[in-house]
Structures are given as C-alpha cells and as structure tokens.
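Enquirer: Please find final-v9.csv (CSV, C-alpha atoms) on the next line:
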```
chain,number,residue,atom,x,y,z
A,1153,MET,CA,-12.5,3.0,-6.8
A,1154,LYS,CA,-8.7,3.4,-6.3
A,1155,SER,CA,-7.4,3.5,-2.7
A,1156,ASN,CA,-5.5,6.4,-1.5
A,1157,SER,CA,-2.3,4.4,-1.5
A,1158,ALA,CA,-2.9,3.4,-5.1
A,1159,LYS,CA,-3.1,7.1,-6.1
A,1160,ILE,CA,0.0,8.0,-4.1
A,1161,ILE,CA,2.1,5.2,-5.7
A,1162,ILE,CA,1.0,6.3,-9.2
A,1163,ALA,CA,1.8,9.9,-8.4
A,1164,LEU,CA,5.2,9.1,-6.9
A,1165,ARG,CA,6.1,6.9,-9.8
A,1166,LYS,CA,5.1,9.5,-12.4
A,1167,GLU,CA,7.0,12.3,-10.5
A,1168,ARG,CA,10.1,10.2,-11.1
A,1169,ASP,CA,9.0,9.7,-14.8
A,1170,MET,CA,9.1,5.9,-14.2
A,1171,ASN,CA,6.9,3.3,-15.8
A,1172,GLN,CA,5.5,0.3,-13.8
A,1173,GLN,CA,8.2,-2.0,-15.0
A,1174,GLU,CA,11.0,0.3,-13.8
A,1175,LEU,CA,9.4,0.6,-10.4
A,1176,ALA,CA,8.9,-3.2,-10.3
A,1177,ASP,CA,12.6,-3.8,-11.2
A,1178,MET,CA,13.7,-1.3,-8.5
A,1179,LEU,CA,11.6,-3.2,-5.9
A,1180,PHE,CA,12.4,-6.7,-7.2
A,1181,VAL,CA,8.7,-7.4,-7.8
A,1182,SER,CA,6.7,-8.1,-10.9
A,1183,ARG,CA,5.1,-5.4,-13.1
A,1184,SER,CA,1.7,-7.0,-12.6
A,1185,LEU,CA,2.1,-6.6,-8.8
A,1186,VAL,CA,2.8,-2.9,-9.2
A,1187,ALA,CA,-0.3,-2.7,-11.5
A,1188,MET,CA,-2.4,-4.4,-8.8
A,1189,TRP,CA,-1.1,-1.8,-6.2
A,1190,GLU,CA,-2.0,1.0,-8.6
A,1191,THR,CA,-5.5,-0.3,-9.2
A,1192,GLY,CA,-6.1,-0.9,-5.5
A,1193,LYS,CA,-6.4,-4.7,-5.9
A,1194,ARG,CA,-3.4,-5.3,-3.6
A,1195,ILE,CA,-1.6,-3.3,-1.0
A,1196,PRO,CA,2.2,-3.4,-0.9
A,1197,ASP,CA,3.9,-5.5,1.7
A,1198,GLY,CA,5.9,-3.9,4.5
A,1199,ALA,CA,9.3,-4.4,2.7
A,1200,SER,CA,8.1,-2.8,-0.5
A,1201,VAL,CA,6.6,0.1,1.3
A,1202,GLU,CA,9.9,0.6,3.2
A,1203,LYS,CA,11.9,0.5,-0.1
A,1204,MET,CA,9.5,2.9,-1.9
A,1205,ALA,CA,9.6,5.3,1.0
A,1206,GLY,CA,13.4,5.4,0.9
A,1207,PHE,CA,13.6,5.7,-2.8
A,1208,PHE,CA,10.9,8.4,-3.2
A,1209,GLY,CA,12.1,10.3,0.0
A,1210,VAL,CA,8.7,10.1,1.8
A,1211,SER,CA,7.6,8.4,5.0
A,1212,GLU,CA,6.1,5.0,4.9
A,1213,SER,CA,2.8,6.4,6.2
A,1214,ASP,CA,2.7,8.7,3.2
A,1215,ILE,CA,2.3,5.6,1.0
A,1216,VAL,CA,0.1,3.4,3.2
A,1217,SER,CA,-1.7,5.3,6.0
A,1218,ASP,CA,-2.6,2.2,8.1
A,1219,ARG,CA,0.6,0.0,8.2
A,1220,ARG,CA,-1.3,-3.0,9.4
A,1221,TYR,CA,-2.8,-3.4,5.9
A,1222,ALA,CA,0.7,-3.4,4.3
A,1223,TYR,CA,1.2,-6.7,6.0
A,1224,GLY,CA,-2.0,-8.3,4.8
A,1225,LEU,CA,-5.3,-8.5,6.5
A,1226,PRO,CA,-5.5,-7.3,10.2
A,1227,SER,CA,-6.0,-10.9,11.2
A,1228,GLU,CA,-2.6,-11.8,9.6
A,1229,LEU,CA,-0.9,-9.1,11.6
A,1230,GLU,CA,-2.6,-10.4,14.8
A,1231,MET,CA,-1.3,-13.9,13.9
A,1232,ILE,CA,2.2,-12.6,13.5
A,1233,GLU,CA,2.0,-10.8,16.8
A,1234,LYS,CA,0.8,-14.0,18.6
A,1235,GLU,CA,3.7,-15.9,17.0
A,1236,ILE,CA,6.2,-13.3,18.3
A,1237,GLU,CA,4.7,-13.4,21.8
A,1238,GLU,CA,5.1,-17.2,21.6
A,1239,PHE,CA,8.9,-16.9,21.5
A,1240,THR,CA,9.4,-13.7,23.5
A,1241,GLU,CA,7.0,-14.1,26.4
A,1242,GLY,CA,8.7,-13.9,29.8
A,1243,GLU,CA,12.2,-13.7,28.3
A,1244,PRO,CA,14.8,-11.7,30.1
A,1245,GLN,CA,15.7,-8.4,28.4
A,1246,ASP,CA,19.0,-6.6,28.1
A,1247,GLY,CA,19.5,-3.1,29.5
A,1248,ALA,CA,18.0,-1.6,26.3
A,1249,GLY,CA,14.7,-3.4,27.0
A,1250,ASN,CA,15.1,-6.0,24.2
A,1251,ASN,CA,16.8,-9.3,23.3
A,1252,GLY,CA,18.7,-7.8,20.4
A,1253,ALA,CA,22.1,-9.4,20.9
A,1254,THR,CA,20.5,-12.9,21.6
A,1255,LEU,CA,18.3,-12.5,18.5
A,1256,ARG,CA,21.2,-11.5,16.3
A,1257,GLY,CA,23.2,-14.6,17.6
A,1258,PHE,CA,20.2,-16.8,16.8
A,1259,LEU,CA,19.8,-15.4,13.3
A,1260,ALA,CA,23.6,-15.8,12.7
A,1261,SER,CA,23.3,-19.5,13.6
A,1262,LEU,CA,20.6,-20.2,11.0
A,1263,LYS,CA,21.1,-21.5,7.4
A,1264,ASP,CA,20.3,-18.9,4.8
A,1265,SER,CA,16.9,-20.3,3.8
A,1266,ASP,CA,15.7,-20.4,7.4
A,1267,ARG,CA,17.0,-16.9,8.1
A,1268,THR,CA,15.1,-15.7,5.0
A,1269,ILE,CA,11.9,-17.3,6.1
A,1270,PHE,CA,12.2,-16.0,9.7
A,1271,MET,CA,13.1,-12.5,8.6
A,1272,GLY,CA,10.4,-12.5,5.9
A,1273,ARG,CA,7.8,-13.3,8.6
A,1274,TYR,CA,9.0,-11.3,11.6
A,1275,TYR,CA,10.9,-8.4,10.1
A,1276,SER,CA,9.1,-7.8,6.7
A,1277,MET,CA,5.9,-9.3,8.2
A,1278,LYS,CA,5.0,-11.1,5.1
A,1279,THR,CA,2.3,-13.7,4.9
A,1280,CYS,CA,3.3,-17.4,4.9
A,1281,LYS,CA,1.8,-17.5,1.4
A,1282,ALA,CA,4.0,-14.7,0.2
A,1283,ILE,CA,7.1,-16.2,1.7
A,1284,ALA,CA,6.3,-19.6,0.1
A,1285,ALA,CA,5.8,-17.9,-3.3
A,1286,ASP,CA,9.1,-16.0,-2.9
A,1287,MET,CA,11.0,-19.2,-2.0
A,1288,LYS,CA,9.2,-21.4,-4.4
A,1289,MET,CA,8.0,-23.8,-1.7
A,1290,LYS,CA,4.6,-24.9,-0.3
A,1291,GLU,CA,2.9,-22.7,2.3
A,1292,VAL,CA,2.6,-25.7,4.7
A,1293,THR,CA,6.4,-26.1,4.5
A,1294,VAL,CA,6.9,-22.4,5.4
A,1295,ARG,CA,4.5,-22.8,8.4
A,1296,GLY,CA,6.2,-25.9,9.6
A,1297,ARG,CA,9.7,-24.3,9.4
A,1298,LEU,CA,8.4,-21.2,11.2
A,1299,ALA,CA,7.0,-23.4,14.0
A,1300,ARG,CA,10.4,-25.2,14.3
A,1301,LEU,CA,12.3,-21.9,14.2
A,1302,ARG,CA,10.1,-20.4,17.0
A,1303,ASN,CA,10.9,-23.5,19.1
A,1304,GLU,CA,14.6,-23.2,18.3
A,1305,LEU,CA,14.6,-19.5,19.2
A,1306,LYS,CA,13.0,-20.3,22.6
A,1307,ALA,CA,15.7,-22.9,23.3
A,1308,PHE,CA,18.4,-20.5,22.1
A,1309,PHE,CA,17.0,-17.8,24.6
A,1310,ASN,CA,17.0,-20.4,27.4
A,1311,LYS,CA,20.6,-21.5,26.6
A,1312,GLU,CA,21.8,-17.9,26.4
A,1313,ASN,CA,20.1,-16.7,29.7
```
Is it possible to give me this structure as structure tokens?
Expert:
Amino acid sequence: MKSNSAKIIIALRKERDMNQQELADMLFVSRSLVAMWETGKRIPDGASVEKMAGFFGVSESDIVSDRRYAYGLPSELEMIEKEIEEFTEGEPQDGAGNNGATLRGFLASLKDSDRTIFMGRYYSMKTCKAIAADMKMKEVTVRGRLARLRNELKAFFNKEN
C-alpha cells in the first residue's frame, strides 16, 4: 500500500506533467530514488522535501505530514537531537536566543567537505549513511568527522564567549 506522501509526490509530479527522471534531475537525486518515494519504499529526506515544497508551491507538511520521518527513523532524529545538545548545552545565547553569529563563524572556518558533512547532518538532518553515500566515503569516516566537528564547535563557542 502506498503511503500518503507517495500519492502526493505522484500527484504533484503529474500536475506539472513531469516524469520521474525530470523530478530526479530537479532534485539532484536518482530516478530510482524518486520511484522508491512513489512506491512508499522510502521517504524523502528533509532537503528533498524542502526543495519539492518550494518547486511545487506547497508546504513541506503537505508532502510529508510527520517531518520526523523525512529524516529517517524517529531514532535517527533523536540521535541528531542528542548530538546537537552535545555542542549547544549550556552555551551562552545572543539577544535573539541563539548562537547564530558564532555558528556562522564556525561554519566559515571549516573546509568545504567538513562544512558539507556538518550541514548535511545538522541542517538537512541526513543520516550518516546518506552523507557517506553522497560524499563517496565510509559511514564510519562521516561519524568520526562529525564527532571531531562537534568537539571543534564546542571549543569555538568557548573561545568566542
């Protein structure tokens, strides 16, 4: 049985008179991944949902009703939240209630590959496995680099504050 998001993706794609390959090209994913979304075998990641919502002019929740599942299993989202807590716990915040300027400074200091890994995990909320596949590296390498980056971010926060 197809999931609701699968039916919605098919309907949105057909409304635009697109085939799976055209949607895949627009999202920079494979046609087979789009096919898996449309059969309900996979759920699109957060970045793909965001791009589709913008392209089709709908809200992200119109495509995937429970955003947690766009990022993988709920346990994966919980793991990401714990990792974020690891480097933000007890950190001073700016007047807006966040560490935006410090975080931007940290990201600017990273080499491109580390920034891509960090943003893939904590902005797009991709699994380590998905990041590894995107970057053509081993999952254990991604996990190791993320651990190092979290430690570097903590040190960066301490230095800045």
Enquirer: Between atom CA of A:Thr1268 and atom CA of A:Arg1194, what is the spacing in Å?
Expert: 22.9 Å
Enquirer: Enter the distance from atom CA of A:Leu1185 to atom CA of A:Lys1281, in Å, rounded to one decimal.
Expert: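 These atoms are spaced 14.9 Å apart.
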Enquirer: In Å, rounded to a single decimal, give me how far atom CA of A:Ala1285 is from atom CA of A:Ala1260.
Expert: 24.0 Å
Enquirer: Counting only C-alpha atoms, figure out which residue out of A:Leu1305, A:Ala1284, A:Val1210, A:Val1201 gets nearest to A:Leu1262.
Expert: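 Going through A:Leu1305, A:Ala1284, A:Val1210, A:Val1201 one by one, the smallest distance to A:Leu1262 is for A:Leu1305.
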Enquirer: Using all atoms listed in the file, which residues sit within 12 Å of A:Gly1192 once same-chain residues fewer than 3 positions away are excluded, as a PyMOL selection string?
Expert: chain A and resi 1153-1162+1185-1189+1195-1196+1216
Enquirer: Which residue gives the smallest distance to A:Met1178 among A:Ala1253, A:Met1204, A:Met1271, A:Met1277, with only C-alpha atoms counted?
Expert: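 Nearest to A:Met1178: A:Met1204.
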Enquirer: Can you pull out every residue within 12 Å of A:Glu1174, counting all atoms listed in the file, but drop anything in the same chain fewer than 6 positions away, and send it as number ranges by chain?
Expert: A: 1165-1166, 1168, 1180-1184, 1186-1187
Enquirer: Applying 7 Å and all atoms listed in the file, which residues near A:Ala1199 remain after dropping the ones on its own chain fewer than 3 positions away? List them as an MDAnalysis selection string.
Expert: chainID A and resid 1202:1203 1276
Enquirer: Counting all atoms listed in the file, which residue out of A:Gln1173, A:Lys1311, A:Asp1197, A:Ile1215 sits closest to A:Thr1279?
Expert: A:Asp1197
Enquirer: Write out as a PDB file with C-alpha atoms, in the coordinates of the input which residues come within 12 Å of A:Arg1267 when counting only C-alpha atoms, dropping same-chain ones fewer than 2 positions away.
Expert:
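The resulting around.pdb:
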```pdb
ATOM      1  CA  LEU A1255      18.300 -12.500  18.500  1.00  0.00           C
ATOM      2  CA  ARG A1256      21.200 -11.500  16.300  1.00  0.00           C
ATOM      3  CA  GLY A1257      23.200 -14.600  17.600  1.00  0.00           C
ATOM      4  CA  PHE A1258      20.200 -16.800  16.800  1.00  0.00           C
ATOM      5  CA  LEU A1259      19.800 -15.400  13.300  1.00  0.00           C
ATOM      6  CA  ALA A1260      23.600 -15.800  12.700  1.00  0.00           C
ATOM      7  CA  SER A1261      23.300 -19.500  13.600  1.00  0.00           C
ATOM      8  CA  LEU A1262      20.600 -20.200  11.000  1.00  0.00           C
ATOM      9  CA  LYS A1263      21.100 -21.500   7.400  1.00  0.00           C
ATOM     10  CA  ASP A1264      20.300 -18.900   4.800  1.00  0.00           C
ATOM     11  CA  SER A1265      16.900 -20.300   3.800  1.00  0.00           C
ATOM     12  CA  ILE A1269      11.900 -17.300   6.100  1.00  0.00           C
ATOM     13  CA  PHE A1270      12.200 -16.000   9.700  1.00  0.00           C
ATOM     14  CA  MET A1271      13.100 -12.500   8.600  1.00  0.00           C
ATOM     15  CA  GLY A1272      10.400 -12.500   5.900  1.00  0.00           C
ATOM     16  CA  ARG A1273       7.800 -13.300   8.600  1.00  0.00           C
ATOM     17  CA  TYR A1274       9.000 -11.300  11.600  1.00  0.00           C
ATOM     18  CA  TYR A1275      10.900  -8.400  10.100  1.00  0.00           C
ATOM     19  CA  ILE A1283       7.100 -16.200   1.700  1.00  0.00           C
ATOM     20  CA  MET A1287      11.000 -19.200  -2.000  1.00  0.00           C
ATOM     21  CA  VAL A1294       6.900 -22.400   5.400  1.00  0.00           C
ATOM     22  CA  ARG A1297       9.700 -24.300   9.400  1.00  0.00           C
ATOM     23  CA  LEU A1298       8.400 -21.200  11.200  1.00  0.00           C
ATOM     24  CA  LEU A1301      12.300 -21.900  14.200  1.00  0.00           C
ATOM     25  CA  ARG A1302      10.100 -20.400  17.000  1.00  0.00           C
ATOM     26  CA  LEU A1305      14.600 -19.500  19.200  1.00  0.00           C
TER      27      LEU A1305
END
```
Enquirer: Which is closer to A:Thr1254 than all the others in A:Ile1236, A:Ala1282, A:Phe1309, A:Arg1295, using only C-alpha atoms?
Expert: A:Phe1309
